[in-house]
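Asker: Have a look at the structure that comes next, please.
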There are 2 protein chains.
Amino acid sequence: MSGWLDEVPWNGDGLVAAVAQDAASGRVLTVAWMNREALERTVQAGEAHYWSRSRKRLWRKGEESGNVQKVLELRLDCDADAILIRVQQGGGIACHTGRESCFYRRLENGRWVETDPVLKDPALLYRKK
Amino acid sequence: MSGWLDEVPWNGDGLVAAVAQDAASGRVLTVAWMNREALERTVQAGEAHYWSRSRKRLWRKGEESGNVQKVLELRLDCDADAILIRVQQGGGIACHTGRESCFYRRLENGRWVETDPVLKDPALLYRKK
């Protein structure tokens with residue numbers, strides 16, 4: 001039953017990079033990391049779970065902000081160490097800065113320029129409910 | 001002039017994950033790695049260059065197959081270690097298996113199922129010219 005988990009090319013730290021893409025807009029929202037448990041829970045719950053390398057703990061995307069990533073499809077690549085998740089992004093906001101995507105800076109003439117608007121003040125996003 | 005390179009969150013090995021997305025179809029094509037030199041050349045040449053961790057050398061995407069990735073846009077994410085490149089994929093084939101995208105396997109009922117067709121026989125793709 002868990003053979004599909006063994007086929008994932010876990011790296012030396014037991015992690016795999018996971019790219020989340022908004023299924024509706026096609027935008028690449030986030031790149032984060034999963035361990036085996038995070039991937040298993042992602043599939044079971046139908047919501048993206050990641051491994052936080054800084055906090056060293058499992059983390060359900062949106063557990064604080066409410067902006068969960070509902071999983072529509074999971075894809076595995078040929079030989080690198082990556083998974084692609086096509087998601088429905090709750091609240092339309094994937095980034096902790098309150099933006100749609102974490103990739104909100106664009107290289108323009110040798111500078112990273114912020115091109116995307118803040119849709120919601122992060123202070124409101126993470127206010128204790 | 002190279003301040004933008006210093007802003008990239010290089011990991012302990014001096015690498016950053018680079019997600020290539022087809023600008024026309026929106027499909028996520030590949031996830032590969034760049035070192036500083038690869039990123040610099042990518043910007044200078046306007047074509048994706050990566051660092052091959054297995055071969056331990058710089059590598060111009062498409063150098064053998066001819067299917068280069070013309071760079072339309074580079075984006076940096078908020079805090080992880082990733083770059084997003086929006087590209088025009090030469091030949092419409094990004095994967096060494098002859099498929100459009102490296103993410104050609106989809107999780108279906110506990111199995112990774114190949115969902116995408118081989119567009120060109122890899123033997124022809126890598127035939128010496």
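So you can find residues: chains in the structure tokens are A, B, ... in the order shown, residues in each start at 1, and ligands are numbered from 1 in order.
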According to DSSP computed on the backbone, where in chain B is there alpha helix (DSSP H)? Give the residues as a PDB file with all heavy atoms, in the first residue's frame.
Answerer:
ATOM      1  N   GLY B   3      24.829  42.450  -6.898  1.00  0.00           N
ATOM      2  CA  GLY B   3      24.122  42.409  -5.631  1.00  0.00           C
ATOM      3  C   GLY B   3      22.934  41.463  -5.645  1.00  0.00           C
ATOM      4  O   GLY B   3      22.636  40.795  -4.661  1.00  0.00           O
ATOM      5  N   TRP B   4      22.280  41.376  -6.795  1.00  0.00           N
ATOM      6  CA  TRP B   4      21.112  40.505  -6.912  1.00  0.00           C
ATOM      7  C   TRP B   4      21.499  39.042  -6.708  1.00  0.00           C
ATOM      8  O   TRP B   4      20.694  38.244  -6.238  1.00  0.00           O
ATOM      9  CB  TRP B   4      20.425  40.704  -8.257  1.00  0.00           C
ATOM     10  CG  TRP B   4      21.253  40.306  -9.450  1.00  0.00           C
ATOM     11  CD1 TRP B   4      22.198  41.063 -10.084  1.00  0.00           C
ATOM     12  CD2 TRP B   4      21.234  39.051 -10.131  1.00  0.00           C
ATOM     13  NE1 TRP B   4      22.762  40.355 -11.112  1.00  0.00           N
ATOM     14  CE2 TRP B   4      22.187  39.112 -11.174  1.00  0.00           C
ATOM     15  CE3 TRP B   4      20.503  37.868  -9.973  1.00  0.00           C
ATOM     16  CZ2 TRP B   4      22.427  38.043 -12.035  1.00  0.00           C
ATOM     17  CZ3 TRP B   4      20.742  36.801 -10.843  1.00  0.00           C
ATOM     18  CH2 TRP B   4      21.697  36.903 -11.863  1.00  0.00           C
ATOM     19  N   LEU B   5      22.730  38.695  -7.040  1.00  0.00           N
ATOM     20  CA  LEU B   5      23.196  37.319  -6.844  1.00  0.00           C
ATOM     21  C   LEU B   5      23.391  37.028  -5.351  1.00  0.00           C
ATOM     22  O   LEU B   5      23.171  35.914  -4.890  1.00  0.00           O
ATOM     23  CB  LEU B   5      24.521  37.095  -7.577  1.00  0.00           C
ATOM     24  CG  LEU B   5      24.423  36.772  -9.071  1.00  0.00           C
ATOM     25  CD1 LEU B   5      25.781  36.891  -9.743  1.00  0.00           C
ATOM     26  CD2 LEU B   5      23.849  35.364  -9.287  1.00  0.00           C
ATOM     27  N   ASP B   6      23.806  38.081  -4.623  1.00  0.00           N
ATOM     28  CA  ASP B   6      24.017  37.895  -3.181  1.00  0.00           C
ATOM     29  C   ASP B   6      22.701  37.730  -2.432  1.00  0.00           C
ATOM     30  O   ASP B   6      22.671  37.193  -1.328  1.00  0.00           O
ATOM     31  CB  ASP B   6      24.799  39.089  -2.609  1.00  0.00           C
ATOM     32  CG  ASP B   6      26.186  39.195  -3.227  1.00  0.00           C
ATOM     33  OD1 ASP B   6      26.776  38.132  -3.530  1.00  0.00           O
ATOM     34  OD2 ASP B   6      26.666  40.326  -3.416  1.00  0.00           O
ATOM     35  N   ARG B  36      25.971  29.693  -8.361  1.00  0.00           N
ATOM     36  CA  ARG B  36      26.075  31.103  -8.707  1.00  0.00           C
ATOM     37  C   ARG B  36      26.414  31.311 -10.178  1.00  0.00           C
ATOM     38  O   ARG B  36      25.819  32.137 -10.866  1.00  0.00           O
ATOM     39  CB  ARG B  36      27.165  31.714  -7.808  1.00  0.00           C
ATOM     40  CG  ARG B  36      27.101  33.198  -7.664  1.00  0.00           C
ATOM     41  CD  ARG B  36      28.165  33.687  -6.681  1.00  0.00           C
ATOM     42  NE  ARG B  36      28.387  35.099  -6.907  1.00  0.00           N
ATOM     43  CZ  ARG B  36      27.904  36.051  -6.115  1.00  0.00           C
ATOM     44  NH1 ARG B  36      27.223  35.741  -5.045  1.00  0.00           N
ATOM     45  NH2 ARG B  36      28.124  37.320  -6.406  1.00  0.00           N
ATOM     46  N   GLU B  37      27.353  30.509 -10.653  1.00  0.00           N
ATOM     47  CA  GLU B  37      27.784  30.647 -12.040  1.00  0.00           C
ATOM     48  C   GLU B  37      26.643  30.282 -13.005  1.00  0.00           C
ATOM     49  O   GLU B  37      26.456  30.936 -14.029  1.00  0.00           O
ATOM     50  CB  GLU B  37      28.995  29.741 -12.292  1.00  0.00           C
ATOM     51  CG  GLU B  37      29.660  30.015 -13.635  1.00  0.00           C
ATOM     52  CD  GLU B  37      30.792  29.029 -13.931  1.00  0.00           C
ATOM     53  OE1 GLU B  37      31.165  28.230 -13.036  1.00  0.00           O
ATOM     54  OE2 GLU B  37      31.294  29.054 -15.077  1.00  0.00           O
ATOM     55  N   ALA B  38      25.903  29.236 -12.656  1.00  0.00           N
ATOM     56  CA  ALA B  38      24.790  28.816 -13.518  1.00  0.00           C
ATOM     57  C   ALA B  38      23.747  29.926 -13.621  1.00  0.00           C
ATOM     58  O   ALA B  38      23.223  30.213 -14.707  1.00  0.00           O
ATOM     59  CB  ALA B  38      24.156  27.536 -12.973  1.00  0.00           C
ATOM     60  N   LEU B  39      23.460  30.561 -12.499  1.00  0.00           N
ATOM     61  CA  LEU B  39      22.451  31.625 -12.506  1.00  0.00           C
ATOM     62  C   LEU B  39      22.951  32.842 -13.293  1.00  0.00           C
ATOM     63  O   LEU B  39      22.216  33.449 -14.078  1.00  0.00           O
ATOM     64  CB  LEU B  39      22.084  32.019 -11.074  1.00  0.00           C
ATOM     65  CG  LEU B  39      21.046  33.124 -10.918  1.00  0.00           C
ATOM     66  CD1 LEU B  39      19.766  32.819 -11.698  1.00  0.00           C
ATOM     67  CD2 LEU B  39      20.705  33.352  -9.441  1.00  0.00           C
ATOM     68  N   GLU B  40      24.214  33.163 -13.099  1.00  0.00           N
ATOM     69  CA  GLU B  40      24.811  34.291 -13.813  1.00  0.00           C
ATOM     70  C   GLU B  40      24.751  34.049 -15.330  1.00  0.00           C
ATOM     71  O   GLU B  40      24.356  34.922 -16.098  1.00  0.00           O
ATOM     72  CB  GLU B  40      26.269  34.445 -13.355  1.00  0.00           C
ATOM     73  CG  GLU B  40      26.717  35.880 -13.286  1.00  0.00           C
ATOM     74  CD  GLU B  40      28.015  36.047 -12.493  1.00  0.00           C
ATOM     75  OE1 GLU B  40      28.572  35.028 -11.998  1.00  0.00           O
ATOM     76  OE2 GLU B  40      28.468  37.197 -12.370  1.00  0.00           O
ATOM     77  N   ARG B  41      25.138  32.860 -15.742  1.00  0.00           N
ATOM     78  CA  ARG B  41      25.117  32.543 -17.176  1.00  0.00           C
ATOM     79  C   ARG B  41      23.700  32.497 -17.727  1.00  0.00           C
ATOM     80  O   ARG B  41      23.457  32.853 -18.871  1.00  0.00           O
ATOM     81  CB  ARG B  41      25.775  31.183 -17.410  1.00  0.00           C
ATOM     82  CG  ARG B  41      27.262  31.232 -17.209  1.00  0.00           C
ATOM     83  CD  ARG B  41      27.944  30.165 -18.024  1.00  0.00           C
ATOM     84  NE  ARG B  41      29.343  30.050 -17.648  1.00  0.00           N
ATOM     85  CZ  ARG B  41      30.200  29.236 -18.239  1.00  0.00           C
ATOM     86  NH1 ARG B  41      29.783  28.457 -19.216  1.00  0.00           N
ATOM     87  NH2 ARG B  41      31.455  29.191 -17.842  1.00  0.00           N
ATOM     88  N   THR B  42      22.769  32.034 -16.893  1.00  0.00           N
ATOM     89  CA  THR B  42      21.366  31.993 -17.303  1.00  0.00           C
ATOM     90  C   THR B  42      20.889  33.390 -17.676  1.00  0.00           C
ATOM     91  O   THR B  42      20.241  33.590 -18.702  1.00  0.00           O
ATOM     92  CB  THR B  42      20.498  31.429 -16.155  1.00  0.00           C
ATOM     93  OG1 THR B  42      20.862  30.067 -15.948  1.00  0.00           O
ATOM     94  CG2 THR B  42      19.020  31.509 -16.480  1.00  0.00           C
ATOM     95  N   VAL B  43      21.256  34.351 -16.836  1.00  0.00           N
ATOM     96  CA  VAL B  43      20.828  35.729 -17.077  1.00  0.00           C
ATOM     97  C   VAL B  43      21.582  36.329 -18.267  1.00  0.00           C
ATOM     98  O   VAL B  43      20.980  36.962 -19.144  1.00  0.00           O
ATOM     99  CB  VAL B  43      21.023  36.580 -15.803  1.00  0.00           C
ATOM    100  CG1 VAL B  43      20.797  38.049 -16.088  1.00  0.00           C
ATOM    101  CG2 VAL B  43      20.069  36.089 -14.721  1.00  0.00           C
ATOM    102  N   GLN B  44      22.881  36.088 -18.310  1.00  0.00           N
ATOM    103  CA  GLN B  44      23.679  36.653 -19.401  1.00  0.00           C
ATOM    104  C   GLN B  44      23.257  36.097 -20.759  1.00  0.00           C
ATOM    105  O   GLN B  44      23.093  36.830 -21.724  1.00  0.00           O
ATOM    106  CB  GLN B  44      25.169  36.361 -19.181  1.00  0.00           C
ATOM    107  CG  GLN B  44      25.818  37.299 -18.162  1.00  0.00           C
ATOM    108  CD  GLN B  44      27.171  36.783 -17.686  1.00  0.00           C
ATOM    109  OE1 GLN B  44      27.644  35.751 -18.141  1.00  0.00           O
ATOM    110  NE2 GLN B  44      27.788  37.504 -16.757  1.00  0.00           N
ATOM    111  N   ALA B  45      23.071  34.776 -20.827  1.00  0.00           N
ATOM    112  CA  ALA B  45      22.777  34.132 -22.104  1.00  0.00           C
ATOM    113  C   ALA B  45      21.283  34.142 -22.433  1.00  0.00           C
ATOM    114  O   ALA B  45      20.907  33.960 -23.579  1.00  0.00           O
ATOM    115  CB  ALA B  45      23.285  32.690 -22.082  1.00  0.00           C
ATOM    116  N   PRO B 122      13.866   9.167 -26.982  1.00  0.00           N
ATOM    117  CA  PRO B 122      15.099   9.742 -26.437  1.00  0.00           C
ATOM    118  C   PRO B 122      16.336   9.353 -27.242  1.00  0.00           C
ATOM    119  O   PRO B 122      17.294  10.107 -27.298  1.00  0.00           O
ATOM    120  CB  PRO B 122      15.170   9.136 -25.026  1.00  0.00           C
ATOM    121  CG  PRO B 122      13.789   8.719 -24.697  1.00  0.00           C
ATOM    122  CD  PRO B 122      13.114   8.398 -25.985  1.00  0.00           C
ATOM    123  N   ALA B 123      16.314   8.189 -27.867  1.00  0.00           N
ATOM    124  CA  ALA B 123      17.451   7.766 -28.689  1.00  0.00           C
ATOM    125  C   ALA B 123      17.684   8.743 -29.826  1.00  0.00           C
ATOM    126  O   ALA B 123      18.831   9.030 -30.207  1.00  0.00           O
ATOM    127  CB  ALA B 123      17.204   6.359 -29.240  1.00  0.00           C
ATOM    128  N   LEU B 124      16.598   9.296 -30.360  1.00  0.00           N
ATOM    129  CA  LEU B 124      16.720  10.299 -31.425  1.00  0.00           C
ATOM    130  C   LEU B 124      17.104  11.655 -30.835  1.00  0.00           C
ATOM    131  O   LEU B 124      17.863  12.416 -31.431  1.00  0.00           O
ATOM    132  CB  LEU B 124      15.398  10.429 -32.189  1.00  0.00           C
ATOM    133  CG  LEU B 124      14.934   9.162 -32.917  1.00  0.00           C
ATOM    134  CD1 LEU B 124      13.557   9.380 -33.532  1.00  0.00           C
ATOM    135  CD2 LEU B 124      15.943   8.785 -33.994  1.00  0.00           C
ATOM    136  N   LEU B 125      16.573  11.907 -29.635  1.00  0.00           N
ATOM    137  CA  LEU B 125      16.811  13.198 -28.974  1.00  0.00           C
ATOM    138  C   LEU B 125      18.302  13.387 -28.691  1.00  0.00           C
ATOM    139  O   LEU B 125      18.835  14.493 -28.801  1.00  0.00           O
ATOM    140  CB  LEU B 125      16.041  13.187 -27.650  1.00  0.00           C
ATOM    141  CG  LEU B 125      15.440  14.462 -27.109  1.00  0.00           C
ATOM    142  CD1 LEU B 125      14.612  15.161 -28.143  1.00  0.00           C
ATOM    143  CD2 LEU B 125      14.584  14.155 -25.880  1.00  0.00           C
TER     144      LEU B 125
END
Asker: Contacts from chain B to chain A, 6 Å maximum, only C-alpha atoms: show me the residue list as a list in words.
Answerer: Trp4, Gly26, Leu74, Arg75, Leu76, Asp77, Cys78, Cys102, Phe103, Arg105, Arg106, Leu107 and Arg111 of chain B
Asker: Which residues are close to A:Asn67, i.e. within 8 Å by only C-alpha atoms, leaving aside same-chain residues fewer than 3 positions away? Reply as a ChimeraX atom specification.
Answerer: /A:61-64,89-94
Asker: Include N, CA and C atoms and write out the residues we just selected as an mmCIF file, in the first residue's frame.
Answerer:
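Output file selection_10.cif is given in full below:
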data_model
loop_
_atom_site.group_PDB
_atom_site.id
_atom_site.type_symbol
_atom_site.label_atom_id
_atom_site.label_comp_id
_atom_site.auth_asym_id
_atom_site.auth_seq_id
_atom_site.Cartn_x
_atom_site.Cartn_y
_atom_site.Cartn_z
ATOM 1 N N LYS A 61 -0.067 23.320 5.949
ATOM 2 C CA LYS A 61 -0.139 24.633 5.302
ATOM 3 C C LYS A 61 -1.478 25.277 5.619
ATOM 4 N N GLY A 62 -1.433 26.496 6.170
ATOM 5 C CA GLY A 62 -2.661 27.202 6.490
ATOM 6 C C GLY A 62 -3.169 26.953 7.893
ATOM 7 N N GLU A 63 -2.382 26.217 8.704
ATOM 8 C CA GLU A 63 -2.869 25.885 10.048
ATOM 9 C C GLU A 63 -3.084 27.137 10.901
ATOM 10 N N GLU A 64 -2.299 28.182 10.631
ATOM 11 C CA GLU A 64 -2.487 29.431 11.373
ATOM 12 C C GLU A 64 -3.346 30.432 10.600
ATOM 13 N N GLN A 89 -5.840 27.013 -3.725
ATOM 14 C CA GLN A 89 -5.246 27.780 -2.631
ATOM 15 C C GLN A 89 -6.322 28.539 -1.849
ATOM 16 N N GLY A 90 -6.521 28.137 -0.609
ATOM 17 C CA GLY A 90 -7.505 28.815 0.231
ATOM 18 C C GLY A 90 -7.184 30.287 0.391
ATOM 19 N N GLY A 91 -8.189 31.135 0.288
ATOM 20 C CA GLY A 91 -8.003 32.571 0.464
ATOM 21 C C GLY A 91 -7.235 33.236 -0.664
ATOM 22 N N GLY A 92 -6.752 32.425 -1.620
ATOM 23 C CA GLY A 92 -5.982 32.996 -2.731
ATOM 24 C C GLY A 92 -4.635 33.536 -2.303
ATOM 25 N N ILE A 93 -4.199 33.156 -1.103
ATOM 26 C CA ILE A 93 -2.944 33.685 -0.558
ATOM 27 C C ILE A 93 -2.077 32.524 -0.081
ATOM 28 N N ALA A 94 -0.923 32.337 -0.722
ATOM 29 C CA ALA A 94 -0.030 31.253 -0.316
ATOM 30 C C ALA A 94 1.142 31.757 0.519
#
Asker: With DSSP run on the backbone, what are the strand (DSSP E) residues within stretch 8-122 of chain A? I'd like them as a PyMOL selection string.
Answerer: chain A and resi 16-22+28-34+49-52+57-60+69-76+82-89+105-108+111-114
